[in-house]
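Below: the structure, in structure tokens.
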Amino acid sequence: MEYAVEMLNITKEFPGIKANDNVTLQVEKGSIHALLGENGAGKSTLMSILFGLYQPTSGIIKINGNEVTINDPNDANRLGIGMVHQHFKLVDCFTVTENIILGKEPLTKYKTVDLKETSKKILELSKQYGLDVDPYSKIEDITVGMQQRVEILKMLYRNADILIFDEPTAVLTPNEIEELIEIMRNLKKEGKTIILITHKLKEIKEVADKCTVLRRGRYIGTVDVASTSEKEMAEMMVGREVDFTVEKPEIEVGEKVLEVKDLWVKNSRDLDAVKGMSFSVAKGEIVGIAGIDGNGQTDLVYALTGLSKVEKGEILFKGKNITNLTVKEKLNCGIGHVPEDRHKHGLILDFKLKENMIIHEYDGKFSNNGILQFSKIDEYTDRLIDEFDVRSGQGKETITRSMSGGNQQKAIIAREIDRSPELLIVVQPTRGLDVGAIEYIHKRIVAERNKGKAVLLVSFELDEILSLSDRIIVMYNGGITGVVKASDTDEKQLGLMMAGQKVEGVSNHE
Amino acid sequence: MSKKYEKILIPVIAIILGILLGCIILIISGQDVGALFNGLVKSATGFDFSKPSSGLNLRYPGEFLVSSMPIILTGLAIGFAYRCGMFNIGAEGQVIVGSLASCMVAILVPMPPVVGVIVCLFAGGLAGALWAFIPGILKCRFNISEVVTGIMLNYTALYGANYFLKGLPESTTTRTVDIPANASLSSEFLSSITNHSRLHWGFILVIICVIAYWFIIEKTSFGYSLRATGFNKEGARYAGIKVNKSTILSIMISGFFAGLAGAVILQGTFGYGRVMSAAENYGFDGISVALVGGCNAIGILLSGLLFGLLKVTQPLLQTSGIPKEIGDIISSSIVFFVAIQYAIKYVLTKIELRKGKAQSKKAGDVQ
């Protein structure tokens, strides 16, 4: 068997941790090879080594059978290795062609950039692999799925034979995911080798030939995907049996805590983002808001929590009008908010963990005449760290930036839940987290519901919405396309509504 | 490498590199390197290597402290705003209006001793705070960069102050009358123990300010909200902190420190108001001081002393034939090396990596 990529006994040490510990990855030529592991398992480190961003502490890399050293991404490109990053590296106001040739611009005989010929070439490439990209459109005018295809084209244009995809489906809609899988199959047909980094088992099962599993930096094994079940792969990844189902006892739904009436909100570009939404959340229920990213969910939450202005309509909290209260006033009413973007909103990353824990109460119970009460703060933070199992290098003194994503998120959840708010608004609570952390956070959210709190859950992950919610509101283009009971619906029906279609027998209001 | 260690190591390396660069230039231009070090030691301690028999001349350390005081204060000013995410380049203008206000109050309002000193200092600080309020409010209301408005206000302050200083009773075209003794920081006693230097009581104020800076930023809930805003505006907004209020207050407190610097120069160093043809760069020195001091209280105190030392050594160097610009070269290259701290960090990690590799190789040999 001929291998396109062989990474043999790779070890990579950072001060204090072994990110990769004697990992071996062998990828057959012309195959799709998945790299599976939780966050922090060392997938990204391993791929960064292959792409020349890091140097391994020890170990050998072979490309097409020849031993190589890869000092930087330029070396990787010369060896035919290309990478589609999770966050695209594109210039928004440039056209597709301009982005693809950036850094390696072909010139005409008058020494101007030869856009015409290259555009033709790109069009051909695009056709050959079924990518369907228009070389003349600007990046800012095309969808995220299209932008990803531009990244793929960029690699193909540079004659890459080994393509690394870093969590490529994280940003895509269900439909786009299917198309991407088709594209990957086409690439394979044309003889390209693909390494797919992911933690989504369903996709691996669908597209990959082989799967290598890493756990805590160590090599666990390589399996044949066709003959291995999703559950088996999950257990290899986590190292124990996993339970994907969330226990949720039936409980009585109480009075309405949040009522939203004909709410209109504008986004940062001054366009209507939420267009006349009305809904409510009651005690003891989790209401899930499903929808594809960018359909007004963010602006809805901003308006509810006071971060954005309400254009029209009313927000009632336990019958009291709180429409235009400030952020602080709304928080003090009894609203907790786990924000969508934990780096932008949830945490001050350069603060110590303990400083982040008191961000709502720093001028309340943690200060006395304007002076911070550090003994109280320490005690409180230690308790939360203990109760919510937040792990970090130096405990409460850790600079938050250096903590893992899962523990950062646990810290936010701890802080918000401990305030015991009557309405908990959670947005994308488990984005980018590993299976263990997801399990835990889901349990805590359901526990709040069981205590009789109202929970509004906004998530782009259908699985999460389906397993946690009691009722589901589907948002599309700033409005509601359907309100359903979680027990009466399935992924397919929700998918249709998320794409804006009305489904017969489903009402679009409460 | 731990963050704390790095925070201290980088400025120290920068300082060493800066002085080294100064030495190299001296050697290339055929000057005496020893004179540079002798000058620095003499300014700091009063001891002269070339004339060891003459003992300590405390006039030099006295003057050294005098030149350090205002730039420590402007360093605190720049640092305070910076911790809250503002770049108060207008500190220069705030120094000037601080000086002006303290001068006007001192000359126009008769006051009893001690009270006079305090009232005049306060007037200076307040004027600086109000002057800083202008870029602050413009930033919050209309999102106008405080850098642009700050620089423009520096010129307004300079020429405006000259107009008012010349308008004071009995002023000449270059200076005002001496301020009354009741408003002056100067001290017969301090001067006498330092061989007639201009050393004055301002150092007590500087110490109070350094402590206040540390206390406000690190220990109070107000400082907490300022730091939160400085690190992450959106994060602060999410938590319900009033970002605009924090921003304006922080630049006003910054202006208060700068205004105090102006008052200290007037009431301590000179004792009269000076009509100036150009700004004296106290505000800009403050930027260097804050940068090298890492915007924390002790760091600013130490780097303020360092820059004060370099400043006061310049005329000394001139007497031994070294151009005074060499002092400027050293201080600006220190700032330069701190500014490129990422490069220094890069080199440090490389060295550490190499050490690590060598060690693992050794371990490998044993196996």
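Residue names in the structure tokens use chain letters A, B, ... in the order shown, residue numbers from 1 in each chain, and ligand numbers from 1 in the order shown.
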Fewer than 3 positions away in the same chain doesn't count, so skip those; otherwise give me all residues within 9 Å of Glu140 in chain A, counting only C-alpha atoms, as a PDB file with N, CA and C atoms, in the first residue's frame.
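Output contents, as saved in out_6.pdb:
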ATOM      1  N   VAL A  91      -9.932  37.786   1.630  1.00  0.00           N
ATOM      2  CA  VAL A  91     -10.129  39.235   1.679  1.00  0.00           C
ATOM      3  C   VAL A  91     -11.533  39.523   1.156  1.00  0.00           C
ATOM      4  N   ASP A  92     -12.373  40.088   2.030  1.00  0.00           N
ATOM      5  CA  ASP A  92     -13.795  40.226   1.714  1.00  0.00           C
ATOM      6  C   ASP A  92     -14.094  41.045   0.469  1.00  0.00           C
ATOM      7  N   CYS A  93     -13.315  42.101   0.262  1.00  0.00           N
ATOM      8  CA  CYS A  93     -13.686  43.002  -0.830  1.00  0.00           C
ATOM      9  C   CYS A  93     -12.969  42.624  -2.130  1.00  0.00           C
ATOM     10  N   PHE A  94     -12.299  41.490  -2.155  1.00  0.00           N
ATOM     11  CA  PHE A  94     -11.671  41.007  -3.382  1.00  0.00           C
ATOM     12  C   PHE A  94     -12.588  39.990  -4.057  1.00  0.00           C
ATOM     13  N   THR A  95     -12.379  39.801  -5.362  1.00  0.00           N
ATOM     14  CA  THR A  95     -13.153  38.772  -6.047  1.00  0.00           C
ATOM     15  C   THR A  95     -12.540  37.412  -5.749  1.00  0.00           C
ATOM     16  N   SER A 137     -17.298  36.879  -8.697  1.00  0.00           N
ATOM     17  CA  SER A 137     -18.052  37.494  -7.597  1.00  0.00           C
ATOM     18  C   SER A 137     -17.129  37.830  -6.436  1.00  0.00           C
ATOM     19  N   THR A 143     -22.107  33.108  -0.126  1.00  0.00           N
ATOM     20  CA  THR A 143     -22.410  32.465   1.160  1.00  0.00           C
ATOM     21  C   THR A 143     -21.160  31.832   1.771  1.00  0.00           C
ATOM     22  N   GLN A 147     -17.708  30.405   0.163  1.00  0.00           N
ATOM     23  CA  GLN A 147     -16.384  30.877   0.579  1.00  0.00           C
ATOM     24  C   GLN A 147     -15.464  29.693   0.864  1.00  0.00           C
TER      25      GLN A 147
END
Contacts of chain B with chain A up to 8 Å, shortest pair per row, only C-alpha atoms, as JSON lines:
{"residue": "B:Met1", "atom": "CA", "partner": "A:Pro15", "partner_atom": "CA", "distance": 7.8}
{"residue": "B:Lys219", "atom": "CA", "partner": "A:Leu372", "partner_atom": "CA", "distance": 5.6}
{"residue": "B:Thr220", "atom": "CA", "partner": "A:Ile371", "partner_atom": "CA", "distance": 4.2}
{"residue": "B:Ser221", "atom": "CA", "partner": "A:Gly370", "partner_atom": "CA", "distance": 5.3}
{"residue": "B:Phe222", "atom": "CA", "partner": "A:Gly370", "partner_atom": "CA", "distance": 6.7}
{"residue": "B:Tyr224", "atom": "CA", "partner": "A:Tyr362", "partner_atom": "CA", "distance": 7.7}
{"residue": "B:Ala228", "atom": "CA", "partner": "A:Ile348", "partner_atom": "CA", "distance": 6.5}
{"residue": "B:Phe231", "atom": "CA", "partner": "A:Ile348", "partner_atom": "CA", "distance": 6.6}
{"residue": "B:Asn232", "atom": "CA", "partner": "A:Ile348", "partner_atom": "CA", "distance": 5.9}
{"residue": "B:Glu234", "atom": "CA", "partner": "A:His345", "partner_atom": "CA", "distance": 5.7}
{"residue": "B:Gly235", "atom": "CA", "partner": "A:His345", "partner_atom": "CA", "distance": 4.0}
{"residue": "B:Ala236", "atom": "CA", "partner": "A:His345", "partner_atom": "CA", "distance": 7.5}
{"residue": "B:Arg237", "atom": "CA", "partner": "A:Leu307", "partner_atom": "CA", "distance": 7.3}
{"residue": "B:Tyr238", "atom": "CA", "partner": "A:His345", "partner_atom": "CA", "distance": 5.7}
{"residue": "B:Ala239", "atom": "CA", "partner": "A:His360", "partner_atom": "CA", "distance": 5.7}
{"residue": "B:Gly240", "atom": "CA", "partner": "A:Lys328", "partner_atom": "CA", "distance": 4.3}
{"residue": "B:Ile241", "atom": "CA", "partner": "A:Lys328", "partner_atom": "CA", "distance": 7.4}
{"residue": "B:Lys357", "atom": "CA", "partner": "A:Thr57", "partner_atom": "CA", "distance": 7.7}
inquiry  = Report as number ranges by chain all protein, DNA and RNA residues lying within 8 Å of Lys42 in chain B, evaluated on only C-alpha atoms, omitting residues in the same chain fewer than 5 positions from it.
reply    = B: 47-48, 60-61
Can I get the selected residues back with N, CA and C atoms, as a short mmCIF file (atom, residue, chain, number, x, y, z; two decimals), in the first residue's frame?
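Once everything was written out, this is selection18.cif:
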data_model
loop_
_atom_site.label_atom_id
_atom_site.label_comp_id
_atom_site.auth_asym_id
_atom_site.auth_seq_id
_atom_site.Cartn_x
_atom_site.Cartn_y
_atom_site.Cartn_z
N PHE B 47 28.49 60.76 43.01
CA PHE B 47 29.89 60.33 43.12
C PHE B 47 30.58 60.45 41.76
N ASP B 48 31.76 61.04 41.75
CA ASP B 48 32.46 61.26 40.48
C ASP B 48 33.74 60.42 40.44
N TYR B 60 23.52 66.47 42.66
CA TYR B 60 23.15 65.70 41.46
C TYR B 60 21.94 64.80 41.70
N PRO B 61 21.97 63.96 42.73
CA PRO B 61 20.75 63.16 42.96
C PRO B 61 19.53 64.03 43.21
#
query = Got a sec to tell me which of range 203-284 of chain B DSSP assigns to helix (DSSP H, G or I), as an MDAnalysis selection string?
reply = chainID B and resid 203:219 221:231 233:238 243:270 282:284
inquiry  = Which residue is closest to Gln318 in chain B? Choose from B:Ile351, B:Gly93, B:Lys245, B:Leu36 and count only C-alpha atoms.
reply    =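 Nearest to Gln318 in chain B: B:Leu36.
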Using only C-alpha atoms, find each residue in range 391-473 of chain A having at least one atom no more than 10 Å away from range 487-504 of chain A; report its shortest atom-to-atom pair and that distance in Å (one decimal), rows by chain then rising number, as a Markdown table.
| residue | atom | partner | partner_atom | distance |
| --- | --- | --- | --- | --- |
| A:Leu462 | CA | A:Glu491 | CA | 6.9 |
| A:Asp463 | CA | A:Glu491 | CA | 8.0 |
| A:Ile465 | CA | A:Glu491 | CA | 9.8 |
| A:Leu466 | CA | A:Asp490 | CA | 7.7 |
| A:Ser467 | CA | A:Ser487 | CA | 9.5 |
| A:Ser469 | CA | A:Ser487 | CA | 9.1 |
| A:Asp470 | CA | A:Ser487 | CA | 7.6 |
| A:Arg471 | CA | A:Ser487 | CA | 8.3 |
| A:Ile472 | CA | A:Leu494 | CA | 9.0 |
| A:Ile473 | CA | A:Leu494 | CA | 9.4 |
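Residue neighbourhood of Val474 in chain A, excluding near-sequence residues (fewer than 3 positions): Ile289, Ala290, Gly291, Ile480, Thr481, Gly482, Val483, Met497 and Met498 of chain A, at 7 Å, using only C-alpha atoms.
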Contacts of Tyr213 in chain B at 7 Å or less, counting only C-alpha atoms, minus same-chain residues fewer than 4 places along, as a PDB file with C-alpha atoms, in the first residue's frame?
ATOM      1  CA  CYS B 209      -0.012  59.360  43.360  1.00  0.00           C
ATOM      2  CA  ILE B 217      -6.604  50.119  39.554  1.00  0.00           C
ATOM      3  CA  ALA B 297       2.447  51.525  39.426  1.00  0.00           C
TER       4      ALA B 297
END
query = Between B:Ile144, B:Leu317, B:Ser332, B:Lys350, which has the minimum distance to Leu26 in chain B (counting only C-alpha atoms)?
reply = B:Leu317
message = as a PyMOL selection string, please: the residues near Val287 in chain A (cut-off 12 Å, only C-alpha atoms, same-chain neighbours under 6 positions excluded).
response = chain A and resi 253+256-258+279-281+423-427+445-446+449+453-459+464-474+483-486+510
request  = Would you list the contacts of Ile183 in chain A as a PyMOL selection string, taking every protein, DNA or RNA residue within 7 Å and counting only C-alpha atoms, but skipping same-chain residues closer than 6 positions in sequence?
outcome  = chain A and resi 129-131
Counting only C-alpha atoms, the residue of B:Asn88, B:Thr156, B:Asn244, B:Ser331 that sits nearest Phe142 in chain B =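 Closest to Phe142 in chain B, using only C-alpha atoms: B:Asn244.
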ask   = Quick one, how far is CA of Cys140 in chain B from CA of Ile248 in chain B?
value = 7.5 Å
query = What does the distance from CA of Asn74 in chain A to CA of Thr24 in chain A come to in Å, to one decimal?
reply =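 Separation between CA of Asn74 in chain A and CA of Thr24 in chain A: 23.4 Å.
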